[in-house]
file protein-v4.pdb (PDB, C-alpha atoms)
ATOM      1  CA  MET J   1      38.181  54.603 184.967
ATOM      2  CA  ARG J   2      39.887  52.906 182.013
ATOM      3  CA  THR J   3      43.270  53.919 183.412
ATOM      4  CA  ILE J   4      42.412  52.352 186.780
ATOM      5  CA  CYS J   5      41.206  49.163 185.091
ATOM      6  CA  ARG J   6      44.360  48.922 182.984
ATOM      7  CA  THR J   7      46.476  49.434 186.119
ATOM      8  CA  LEU J   8      44.624  46.690 188.014
ATOM      9  CA  ILE J   9      44.965  44.316 185.073
ATOM     10  CA  THR J  10      48.690  45.058 184.837
ATOM     11  CA  ILE J  11      49.170  44.365 188.557
ATOM     12  CA  ALA J  12      47.171  41.128 188.321
ATOM     13  CA  LEU J  13      49.217  39.926 185.353
ATOM     14  CA  ALA J  14      52.466  40.771 187.151
ATOM     15  CA  LEU J  15      51.374  38.792 190.215
ATOM     16  CA  CYS J  16      50.393  35.832 188.057
ATOM     17  CA  ALA J  17      53.712  35.965 186.224
ATOM     18  CA  ALA J  18      55.575  36.030 189.539
ATOM     19  CA  GLY J  19      53.565  33.044 190.732
ATOM     20  CA  TRP J  20      54.263  31.108 187.533
ATOM     21  CA  SER J  21      57.963  31.950 187.773
ATOM     22  CA  HIS J  22      58.157  30.663 191.345
ATOM     23  CA  ALA J  23      56.265  27.500 190.446
ATOM     24  CA  GLU J  24      58.712  26.864 187.612
ATOM     25  CA  ASP J  25      61.613  27.280 190.048
ATOM     26  CA  VAL J  26      60.092  24.702 192.402
ATOM     27  CA  ASN J  27      59.474  22.207 189.607
ATOM     28  CA  SER J  28      62.830  22.705 187.844
ATOM     29  CA  VAL J  29      64.669  20.002 189.744
ATOM     30  CA  ASP J  30      66.319  18.183 186.871
ATOM     31  CA  GLY J  31      70.038  18.154 186.218
ATOM     32  CA  PRO J  32      73.235  17.801 188.252
ATOM     33  CA  ASN J  33      73.227  21.396 189.542
ATOM     34  CA  VAL J  34      69.871  21.356 191.354
ATOM     35  CA  ARG J  35      68.994  19.824 194.723
ATOM     36  CA  VAL J  36      65.741  19.967 196.704
ATOM     37  CA  LYS J  37      65.461  19.723 200.481
ATOM     38  CA  ARG J  38      61.956  19.272 201.859
ATOM     39  CA  HIS J  39      60.878  20.627 205.250
ATOM     40  CA  ASP J  40      59.306  18.250 207.747
ATOM     41  CA  ASP J  41      56.331  18.945 209.993
ATOM     42  CA  LYS J  42      58.607  19.945 212.885
ATOM     43  CA  SER J  43      60.133  22.823 210.956
ATOM     44  CA  GLY J  44      58.917  26.400 210.937
ATOM     45  CA  ASN J  45      57.785  25.868 207.343
ATOM     46  CA  PRO J  46      55.983  22.489 207.293
ATOM     47  CA  GLY J  47      55.476  21.150 203.787
ATOM     48  CA  GLY J  48      57.826  23.757 202.319
ATOM     49  CA  LYS J  49      61.065  23.154 200.483
ATOM     50  CA  ASP J  50      64.491  24.620 199.701
ATOM     51  CA  VAL J  51      65.634  24.518 196.082
ATOM     52  CA  TYR J  52      69.428  24.820 195.669
ATOM     53  CA  THR J  53      70.827  25.732 192.251
ATOM     54  CA  LYS J  54      74.571  25.824 191.516
ATOM     55  CA  SER J  55      75.918  28.024 188.732
ATOM     56  CA  PRO J  56      77.775  26.207 185.896
ATOM     57  CA  ASP J  57      81.137  27.572 187.113
ATOM     58  CA  GLY J  58      80.433  26.495 190.704
ATOM     59  CA  LYS J  59      81.050  29.982 192.087
ATOM     60  CA  VAL J  60      77.462  30.715 193.150
ATOM     61  CA  VAL J  61      74.757  28.627 194.836
ATOM     62  CA  THR J  62      71.244  30.044 195.094
ATOM     63  CA  LYS J  63      68.839  28.692 197.679
ATOM     64  CA  LYS J  64      65.149  29.523 197.306
ATOM     65  CA  THR J  65      62.807  28.736 200.197
ATOM     66  CA  TYR J  66      59.155  28.116 199.380
ATOM     67  CA  THR J  67      56.037  27.528 201.459
ATOM     68  CA  ALA J  68      53.927  24.407 200.970
ATOM     69  CA  ALA J  69      51.722  26.492 198.654
ATOM     70  CA  GLY J  70      54.703  27.384 196.446
ATOM     71  CA  ARG J  71      55.138  30.990 197.590
ATOM     72  CA  LEU J  72      58.734  32.244 197.583
ATOM     73  CA  MET J  73      59.694  33.221 201.136
ATOM     74  CA  LEU J  74      63.467  33.752 201.019
ATOM     75  CA  THR J  75      66.373  33.701 198.616
ATOM     76  CA  THR J  76      69.918  33.062 199.839
ATOM     77  CA  VAL J  77      72.774  33.650 197.393
ATOM     78  CA  TYR J  78      76.063  31.994 198.399
ATOM     79  CA  ARG J  79      79.426  32.982 196.965
ATOM     80  CA  MET J  80      81.938  30.125 196.844
ATOM     81  CA  ARG J  81      85.730  30.105 197.106
ATOM     82  CA  ASP J  82      87.842  28.276 194.550
ATOM     83  CA  ASN J  83      88.227  25.335 196.962
ATOM     84  CA  GLY J  84      84.453  24.995 197.366
ATOM     85  CA  ASP J  85      84.176  26.661 200.784
ATOM     86  CA  LEU J  86      81.566  29.305 201.523
ATOM     87  CA  ALA J  87      82.930  32.830 201.159
ATOM     88  CA  GLY J  88      79.784  34.761 202.046
ATOM     89  CA  SER J  89      76.082  35.019 201.394
ATOM     90  CA  LYS J  90      73.256  37.516 201.086
ATOM     91  CA  ILE J  91      69.688  36.837 202.166
ATOM     92  CA  TYR J  92      66.628  38.402 200.523
ATOM     93  CA  ASP J  93      62.942  38.260 201.367
ATOM     94  CA  GLY J  94      60.321  37.055 198.894
ATOM     95  CA  ARG J  95      60.128  40.487 197.277
ATOM     96  CA  GLY J  96      63.868  40.753 196.716
ATOM     97  CA  THR J  97      64.705  43.112 199.597
ATOM     98  CA  GLU J  98      68.147  42.376 201.026
ATOM     99  CA  LEU J  99      67.832  41.456 204.701
ATOM    100  CA  TYR J 100      71.202  40.092 205.823
ATOM    101  CA  LYS J 101      74.770  39.542 204.688
ATOM    102  CA  VAL J 102      76.739  36.660 206.168
ATOM    103  CA  SER J 103      80.455  35.894 206.373
ATOM    104  CA  TYR J 104      81.966  32.445 207.037
ATOM    105  CA  GLY J 105      85.200  31.524 208.767
ATOM    106  CA  TYR J 106      87.155  28.266 208.509
ATOM    107  CA  GLU J 107      89.929  26.850 210.662
ATOM    108  CA  LYS J 108      93.108  26.156 208.741
ATOM    109  CA  LYS J 109      94.189  22.671 209.839
ATOM    110  CA  PHE J 110      91.113  20.671 208.816
ATOM    111  CA  GLY J 111      89.238  23.258 206.776
ATOM    112  CA  GLN J 112      86.132  23.015 208.939
ATOM    113  CA  LEU J 113      83.564  25.795 209.112
ATOM    114  CA  VAL J 114      83.886  27.337 212.574
ATOM    115  CA  ARG J 115      82.128  30.704 212.418
ATOM    116  CA  GLU J 116      79.207  32.561 210.854
ATOM    117  CA  GLU J 117      78.623  36.277 211.307
ATOM    118  CA  MET J 118      75.250  37.769 210.322
ATOM    119  CA  TYR J 119      74.930  41.507 209.609
ATOM    120  CA  ASP J 120      71.798  43.573 209.055
ATOM    121  CA  SER J 121      71.738  44.856 205.455
ATOM    122  CA  ARG J 122      69.028  47.421 206.189
ATOM    123  CA  VAL J 123      70.661  49.230 209.096
ATOM    124  CA  ARG J 124      74.382  49.490 209.783
ATOM    125  CA  ARG J 125      74.941  48.703 213.451
ATOM    126  CA  VAL J 126      78.197  49.442 215.267
ATOM    127  CA  TRP J 127      79.743  48.558 218.608
ATOM    128  CA  LYS J 128      79.223  51.217 221.253
ATOM    129  CA  ASN J 129      82.854  51.051 222.356
ATOM    130  CA  ASN J 130      84.123  50.913 218.749
ATOM    131  CA  PRO J 131      81.826  52.891 216.391
ATOM    132  CA  SER J 132      84.125  52.299 213.441
ATOM    133  CA  LYS J 133      83.463  48.533 213.505
ATOM    134  CA  GLU J 134      80.195  47.041 212.294
ATOM    135  CA  MET J 135      78.332  44.894 214.831
ATOM    136  CA  PRO J 136      76.742  41.586 213.763
ATOM    137  CA  VAL J 137      73.204  40.792 214.849
ATOM    138  CA  GLN J 138      74.317  37.207 215.508
ATOM    139  CA  VAL J 139      77.447  35.059 215.605
ATOM    140  CA  VAL J 140      77.464  31.260 215.343
ATOM    141  CA  GLU J 141      80.549  29.337 216.480
ATOM    142  CA  TYR J 142      81.048  25.654 215.650
ATOM    143  CA  LEU J 143      83.171  23.672 218.093
ATOM    144  CA  VAL J 144      85.765  21.404 216.456
ATOM    145  CA  ASN J 145      87.601  18.620 218.308
ATOM    146  CA  ALA J 146      91.222  17.487 217.915
ATOM    147  CA  GLU J 147      90.245  15.230 214.985
ATOM    148  CA  GLY J 148      88.685  18.114 213.107
ATOM    149  CA  LYS J 149      85.098  16.941 213.678
ATOM    150  CA  VAL J 150      82.272  19.221 214.792
ATOM    151  CA  ALA J 151      81.620  18.488 218.468
ATOM    152  CA  GLY J 152      78.236  19.286 219.977
ATOM    153  CA  LYS J 153      75.772  21.996 219.126
ATOM    154  CA  PRO J 154      76.991  25.364 217.821
ATOM    155  CA  VAL J 155      77.283  28.288 220.215
ATOM    156  CA  ILE J 156      74.957  31.100 219.142
ATOM    157  CA  ARG J 157      75.426  34.664 220.362
ATOM    158  CA  ASN J 158      72.653  37.162 219.653
ATOM    159  CA  TYR J 159      73.465  40.854 219.845
ATOM    160  CA  MET J 160      69.887  42.037 219.333
ATOM    161  CA  GLU J 161      66.799  41.277 221.373
ATOM    162  CA  GLY J 162      64.276  38.902 219.900
ATOM    163  CA  ASN J 163      66.652  36.578 218.014
ATOM    164  CA  THR J 164      66.163  38.750 214.950
ATOM    165  CA  PHE J 165      68.034  36.535 212.483
ATOM    166  CA  GLU J 166      66.286  33.301 213.449
ATOM    167  CA  ARG J 167      62.917  35.059 213.406
ATOM    168  CA  ASP J 168      63.453  36.306 209.845
ATOM    169  CA  TYR J 169      65.323  33.296 208.439
ATOM    170  CA  GLY J 170      63.375  30.525 210.123
ATOM    171  CA  GLN J 171      66.489  28.842 211.539
ATOM    172  CA  SER J 172      69.505  29.918 213.530
ATOM    173  CA  THR J 173      72.197  29.204 210.926
ATOM    174  CA  SER J 174      72.524  29.944 207.226
ATOM    175  CA  ALA J 175      75.360  27.614 206.208
ATOM    176  CA  MET J 176      74.766  25.017 203.505
ATOM    177  CA  ASP J 177      76.819  21.964 202.554
ATOM    178  CA  PRO J 178      78.393  22.426 199.098
ATOM    179  CA  LYS J 179      79.133  18.691 199.061
ATOM    180  CA  MET J 180      75.447  18.022 198.383
ATOM    181  CA  PHE J 181      76.228  18.479 194.691
ATOM    182  CA  ASP J 182      78.869  15.730 194.780
ATOM    183  CA  GLU J 183      76.139  13.121 195.187
ATOM    184  CA  PRO J 184      73.983  12.181 192.170
ATOM    185  CA  ALA J 185      70.547  13.802 192.235
ATOM    186  CA  PRO J 186      67.856  11.457 193.637
ATOM    187  CA  GLY J 187      66.740   9.101 190.903
ATOM    188  CA  ALA J 188      69.607  10.058 188.613
ATOM    189  CA  PRO J 189      71.975   7.387 187.262
ATOM    190  CA  GLY J 190      75.623   7.334 188.173
ATOM    191  CA  LYS J 191      77.771   7.061 191.252
ATOM    192  CA  GLN J 192      79.678   9.548 193.317
ATOM    193  CA  PRO J 193      82.893  10.559 191.530
ATOM    194  CA  ALA J 194      85.918   8.600 192.707
ATOM    195  CA  GLY J 195      88.118  10.290 195.266
ATOM    196  CA  GLN J 196      85.409  12.632 196.593
ATOM    197  CA  THR J 197      84.165  12.525 200.142
ATOM    198  CA  PRO J 198      80.512  12.103 201.122
ATOM    199  CA  ALA J 199      78.361  15.186 201.698
ATOM    200  CA  GLY J 200      79.426  16.969 204.841
ATOM    201  CA  GLY J 201      82.858  15.385 204.933
ATOM    202  CA  ARG J 202      86.319  16.546 203.877
TER     203      ARG J 202
END
call {"tool": "encode", "arguments": {"input": "protein-v4.pdb", "output": "structure tokens"}}
result
Amino acid sequence: MRTICRTLITIALALCAAGWSHAEDVNSVDGPNVRVKRHDDKSGNPGGKDVYTKSPDGKVVTKKTYTAAGRLMLTTVYRMRDNGDLAGSKIYDGRGTELYKVSYGYEKKFGQLVREEMYDSRVRRVWKNNPSKEMPVQVVEYLVNAEGKVAGKPVIRNYMEGNTFERDYGQSTSAMDPKMFDEPAPGAPGKQPAGQTPAGGR
């Protein structure tokens, strides 16, 4: 009986510690390397928020998605190229299980993001006519006009029934805008550094 009680107490303490840790993440919004994006009532997570944290060297951005109650739902870890573009990302559920890996493609002339490919991290899927090549569960293509601007809505191709990625991630795309860190944090003093473009621009 004592062993069972000790086990239950240990589990309860671990859950409390996890809850405190997540709450600290949500509230730790100070400093130039943290940004918070709140979800509106039309989203799939009304009242929730995304907390983006950039590593000091700028090579990694971590996005944590919380419910309105402060429960961690998803963690997305982005790897960045030297020029600030997205190189790839991995998506984990609230318990730390890896769900998806994502690659990003850019066109050369203007450096615009034009493609996302999402792959299932739990099961390796291959093309029937080419078993040696891994099959994505979804591909997102961004249309770019002659001026290098994104034109219209992205084209989304699902290769599994049920829109698996959107169901698990809560939205159809995973890309984030690294330029969000170029702007001063809300309420922070200072202006945008000279010579840098606004968020979303190049």
call {"tool": "closest_residue", "arguments": {"input": "protein-v4.pdb", "among": "J:Val137, J:Ala87, J:Met180, J:Ala69", "to": "Tyr100 in chain J", "atoms": "all atoms listed in the file"}}
result
J:Val137
call {"tool": "closest_residue", "arguments": {"input": "protein-v4.pdb", "among": "J:Arg122, J:Lys179, J:His39, J:Lys49", "to": "Val61 in chain J", "atoms": "all atoms listed in the file"}}
result
J:Lys179
call {"tool": "resolve_selection", "arguments": {"input": "protein-v4.pdb", "expression": "the PyMOL selection byres ((chain J and resi 159) around 12)", "output": "MDAnalysis selection string"}}
result
chainID J and resid 117:120 125:128 134:140 156:158 160:165
call {"tool": "closest_residue", "arguments": {"input": "protein-v4.pdb", "among": "J:Gly96, J:Asp57, J:Ser172, J:Val114", "to": "Thr76 in chain J", "atoms": "all atoms listed in the file"}}
result
J:Gly96
call {"tool": "atom_distance", "arguments": {"input": "protein-v4.pdb", "atom1": "CA of Gly88 in chain J", "atom2": "CA of Val60 in chain J"}}
result
10.0 Å
call {"tool": "atom_distance", "arguments": {"input": "protein-v4.pdb", "atom1": "CA of Leu99 in chain J", "atom2": "CA of Met73 in chain J"}}
result
12.1 Å
call {"tool": "closest_residue", "arguments": {"input": "protein-v4.pdb", "among": "J:Lys133, J:Arg79, J:Ser121, J:Asn145", "to": "Glu107 in chain J", "atoms": "all atoms listed in the file"}}
result
J:Asn145
call {"tool": "residues_around", "arguments": {"input": "protein-v4.pdb", "residues": "Lys37 in chain J", "least_positions_apart": "3", "cutoff": "9 Å", "atoms": "only C-alpha atoms", "output": "list in words"}}
result
Gly48, Lys49, Asp50, Val51 and Tyr52 of chain J
call {"tool": "atom_distance", "arguments": {"input": "protein-v4.pdb", "atom1": "CA of Arg81 in chain J", "atom2": "CA of Lys59 in chain J"}}
result
6.9 Å
call {"tool": "closest_residue", "arguments": {"input": "protein-v4.pdb", "among": "J:Asn83, J:Thr75, J:Asn33, J:Ser174", "to": "Gly111 in chain J", "atoms": "all atoms listed in the file"}}
result
J:Asn83
call {"tool": "resolve_selection", "arguments": {"input": "protein-v4.pdb", "expression": "the PyMOL selection byres ((chain J and resi 147-153) around 9)", "output": "list in words"}}
result
Lys109, Phe110, Gly111, Gln112, Leu113, Val114, Tyr142, Leu143, Val144, Asn145, Ala146, Pro154 and Val155 of chain J
call {"tool": "write_last_selection", "arguments": {"input": "protein-v4.pdb", "atoms": "C-alpha atoms", "output": "compact mmCIF listing (two decimals), in the coordinates of the input"}}
result
# COMPACT_ATOMS: atom_id res chain seq x y z
CA LYS J 109 94.19 22.67 209.84
CA PHE J 110 91.11 20.67 208.82
CA GLY J 111 89.24 23.26 206.78
CA GLN J 112 86.13 23.02 208.94
CA LEU J 113 83.56 25.80 209.11
CA VAL J 114 83.89 27.34 212.57
CA TYR J 142 81.05 25.65 215.65
CA LEU J 143 83.17 23.67 218.09
CA VAL J 144 85.76 21.40 216.46
CA ASN J 145 87.60 18.62 218.31
CA ALA J 146 91.22 17.49 217.92
CA PRO J 154 76.99 25.36 217.82
CA VAL J 155 77.28 28.29 220.22
call {"tool": "closest_residue", "arguments": {"input": "protein-v4.pdb", "among": "J:Val123, J:Ala175, J:Asn129, J:Glu166", "to": "Val77 in chain J", "atoms": "all atoms listed in the file"}}
result
J:Ala175
call {"tool": "residues_around", "arguments": {"input": "protein-v4.pdb", "residues": "Phe181 in chain J", "least_positions_apart": "4", "cutoff": "8 Å", "atoms": "all atoms listed in the file", "output": "number ranges by chain"}}
result
J: 32-35, 185
call {"tool": "decode", "arguments": {"input": "protein-v4.pdb", "residues": "range 120-156 of chain J", "atoms": "N, CA and C atoms", "output": "PDB file, in the first residue's frame"}}
result
ATOM      1  N   ASP J 120       5.301  11.970 -42.227  1.00  0.00           N
ATOM      2  CA  ASP J 120       4.906  11.311 -40.988  1.00  0.00           C
ATOM      3  C   ASP J 120       6.150  10.750 -40.292  1.00  0.00           C
ATOM      4  N   SER J 121       6.405  11.171 -39.061  1.00  0.00           N
ATOM      5  CA  SER J 121       7.581  10.693 -38.328  1.00  0.00           C
ATOM      6  C   SER J 121       7.340   9.335 -37.688  1.00  0.00           C
ATOM      7  N   ARG J 122       6.081   8.928 -37.580  1.00  0.00           N
ATOM      8  CA  ARG J 122       5.764   7.674 -36.897  1.00  0.00           C
ATOM      9  C   ARG J 122       5.795   6.476 -37.835  1.00  0.00           C
ATOM     10  N   VAL J 123       5.408   6.714 -39.080  1.00  0.00           N
ATOM     11  CA  VAL J 123       5.365   5.633 -40.069  1.00  0.00           C
ATOM     12  C   VAL J 123       5.996   6.137 -41.359  1.00  0.00           C
ATOM     13  N   ARG J 124       6.965   5.405 -41.876  1.00  0.00           N
ATOM     14  CA  ARG J 124       7.578   5.795 -43.145  1.00  0.00           C
ATOM     15  C   ARG J 124       6.680   5.343 -44.292  1.00  0.00           C
ATOM     16  N   ARG J 125       6.220   6.284 -45.077  1.00  0.00           N
ATOM     17  CA  ARG J 125       5.321   5.990 -46.187  1.00  0.00           C
ATOM     18  C   ARG J 125       6.072   6.195 -47.495  1.00  0.00           C
ATOM     19  N   VAL J 126       5.840   5.345 -48.459  1.00  0.00           N
ATOM     20  CA  VAL J 126       6.556   5.418 -49.736  1.00  0.00           C
ATOM     21  C   VAL J 126       5.552   5.438 -50.888  1.00  0.00           C
ATOM     22  N   TRP J 127       6.025   5.913 -52.038  1.00  0.00           N
ATOM     23  CA  TRP J 127       5.192   5.908 -53.234  1.00  0.00           C
ATOM     24  C   TRP J 127       5.064   4.473 -53.758  1.00  0.00           C
ATOM     25  N   LYS J 128       3.875   4.137 -54.200  1.00  0.00           N
ATOM     26  CA  LYS J 128       3.650   2.775 -54.695  1.00  0.00           C
ATOM     27  C   LYS J 128       4.503   2.479 -55.923  1.00  0.00           C
ATOM     28  N   ASN J 129       4.650   3.473 -56.792  1.00  0.00           N
ATOM     29  CA  ASN J 129       5.422   3.265 -58.018  1.00  0.00           C
ATOM     30  C   ASN J 129       6.917   3.536 -57.839  1.00  0.00           C
ATOM     31  N   ASN J 130       7.296   3.969 -56.604  1.00  0.00           N
ATOM     32  CA  ASN J 130       8.713   4.223 -56.319  1.00  0.00           C
ATOM     33  C   ASN J 130       8.963   3.984 -54.826  1.00  0.00           C
ATOM     34  N   PRO J 131       9.017   2.730 -54.404  1.00  0.00           N
ATOM     35  CA  PRO J 131       9.136   2.385 -52.973  1.00  0.00           C
ATOM     36  C   PRO J 131      10.406   2.908 -52.298  1.00  0.00           C
ATOM     37  N   SER J 132      11.372   3.318 -53.075  1.00  0.00           N
ATOM     38  CA  SER J 132      12.605   3.818 -52.473  1.00  0.00           C
ATOM     39  C   SER J 132      12.482   5.285 -52.046  1.00  0.00           C
ATOM     40  N   LYS J 133      11.411   5.958 -52.467  1.00  0.00           N
ATOM     41  CA  LYS J 133      11.239   7.378 -52.163  1.00  0.00           C
ATOM     42  C   LYS J 133      10.120   7.574 -51.156  1.00  0.00           C
ATOM     43  N   GLU J 134      10.417   8.324 -50.093  1.00  0.00           N
ATOM     44  CA  GLU J 134       9.418   8.573 -49.060  1.00  0.00           C
ATOM     45  C   GLU J 134       8.315   9.486 -49.586  1.00  0.00           C
ATOM     46  N   MET J 135       7.084   9.179 -49.205  1.00  0.00           N
ATOM     47  CA  MET J 135       5.911   9.943 -49.643  1.00  0.00           C
ATOM     48  C   MET J 135       5.469  10.908 -48.548  1.00  0.00           C
ATOM     49  N   PRO J 136       5.273  12.187 -48.871  1.00  0.00           N
ATOM     50  CA  PRO J 136       4.760  13.122 -47.862  1.00  0.00           C
ATOM     51  C   PRO J 136       3.275  12.871 -47.615  1.00  0.00           C
ATOM     52  N   VAL J 137       2.793  13.276 -46.458  1.00  0.00           N
ATOM     53  CA  VAL J 137       1.360  13.191 -46.201  1.00  0.00           C
ATOM     54  C   VAL J 137       0.662  14.420 -46.784  1.00  0.00           C
ATOM     55  N   GLN J 138       1.451  15.499 -46.995  1.00  0.00           N
ATOM     56  CA  GLN J 138       0.882  16.724 -47.547  1.00  0.00           C
ATOM     57  C   GLN J 138       1.986  17.572 -48.163  1.00  0.00           C
ATOM     58  N   VAL J 139       1.629  18.292 -49.217  1.00  0.00           N
ATOM     59  CA  VAL J 139       2.530  19.250 -49.855  1.00  0.00           C
ATOM     60  C   VAL J 139       1.780  20.572 -50.009  1.00  0.00           C
ATOM     61  N   VAL J 140       2.429  21.664 -49.625  1.00  0.00           N
ATOM     62  CA  VAL J 140       1.854  22.997 -49.784  1.00  0.00           C
ATOM     63  C   VAL J 140       2.719  23.767 -50.773  1.00  0.00           C
ATOM     64  N   GLU J 141       2.093  24.322 -51.810  1.00  0.00           N
ATOM     65  CA  GLU J 141       2.820  25.113 -52.800  1.00  0.00           C
ATOM     66  C   GLU J 141       2.305  26.551 -52.775  1.00  0.00           C
ATOM     67  N   TYR J 142       3.241  27.503 -52.655  1.00  0.00           N
ATOM     68  CA  TYR J 142       2.892  28.917 -52.655  1.00  0.00           C
ATOM     69  C   TYR J 142       3.155  29.481 -54.051  1.00  0.00           C
ATOM     70  N   LEU J 143       2.165  30.158 -54.592  1.00  0.00           N
ATOM     71  CA  LEU J 143       2.289  30.718 -55.940  1.00  0.00           C
ATOM     72  C   LEU J 143       2.921  32.106 -55.857  1.00  0.00           C
ATOM     73  N   VAL J 144       3.976  32.325 -56.646  1.00  0.00           N
ATOM     74  CA  VAL J 144       4.700  33.592 -56.634  1.00  0.00           C
ATOM     75  C   VAL J 144       4.591  34.244 -58.001  1.00  0.00           C
ATOM     76  N   ASN J 145       4.251  35.546 -58.039  1.00  0.00           N
ATOM     77  CA  ASN J 145       4.110  36.238 -59.318  1.00  0.00           C
ATOM     78  C   ASN J 145       5.451  36.746 -59.821  1.00  0.00           C
ATOM     79  N   ALA J 146       5.435  37.477 -60.943  1.00  0.00           N
ATOM     80  CA  ALA J 146       6.664  37.934 -61.589  1.00  0.00           C
ATOM     81  C   ALA J 146       7.448  38.914 -60.724  1.00  0.00           C
ATOM     82  N   GLU J 147       6.758  39.569 -59.762  1.00  0.00           N
ATOM     83  CA  GLU J 147       7.437  40.511 -58.869  1.00  0.00           C
ATOM     84  C   GLU J 147       7.963  39.834 -57.607  1.00  0.00           C
ATOM     85  N   GLY J 148       7.777  38.534 -57.519  1.00  0.00           N
ATOM     86  CA  GLY J 148       8.261  37.812 -56.356  1.00  0.00           C
ATOM     87  C   GLY J 148       7.336  37.864 -55.159  1.00  0.00           C
ATOM     88  N   LYS J 149       6.065  38.271 -55.376  1.00  0.00           N
ATOM     89  CA  LYS J 149       5.087  38.334 -54.301  1.00  0.00           C
ATOM     90  C   LYS J 149       4.194  37.091 -54.329  1.00  0.00           C
ATOM     91  N   VAL J 150       3.783  36.647 -53.144  1.00  0.00           N
ATOM     92  CA  VAL J 150       2.868  35.509 -53.069  1.00  0.00           C
ATOM     93  C   VAL J 150       1.525  35.934 -53.650  1.00  0.00           C
ATOM     94  N   ALA J 151       1.002  35.142 -54.575  1.00  0.00           N
ATOM     95  CA  ALA J 151      -0.233  35.474 -55.273  1.00  0.00           C
ATOM     96  C   ALA J 151      -1.307  34.429 -54.965  1.00  0.00           C
ATOM     97  N   GLY J 152      -2.334  34.842 -54.256  1.00  0.00           N
ATOM     98  CA  GLY J 152      -3.448  33.940 -53.977  1.00  0.00           C
ATOM     99  C   GLY J 152      -3.151  32.961 -52.853  1.00  0.00           C
ATOM    100  N   LYS J 153      -4.114  32.086 -52.636  1.00  0.00           N
ATOM    101  CA  LYS J 153      -3.991  31.097 -51.577  1.00  0.00           C
ATOM    102  C   LYS J 153      -3.053  29.971 -52.003  1.00  0.00           C
ATOM    103  N   PRO J 154      -2.378  29.341 -51.046  1.00  0.00           N
ATOM    104  CA  PRO J 154      -1.488  28.227 -51.396  1.00  0.00           C
ATOM    105  C   PRO J 154      -2.274  27.033 -51.903  1.00  0.00           C
ATOM    106  N   VAL J 155      -1.628  26.230 -52.732  1.00  0.00           N
ATOM    107  CA  VAL J 155      -2.231  24.998 -53.236  1.00  0.00           C
ATOM    108  C   VAL J 155      -1.811  23.866 -52.302  1.00  0.00           C
ATOM    109  N   ILE J 156      -2.788  23.172 -51.750  1.00  0.00           N
ATOM    110  CA  ILE J 156      -2.504  22.115 -50.769  1.00  0.00           C
ATOM    111  C   ILE J 156      -2.890  20.770 -51.356  1.00  0.00           C
TER     112      ILE J 156
END
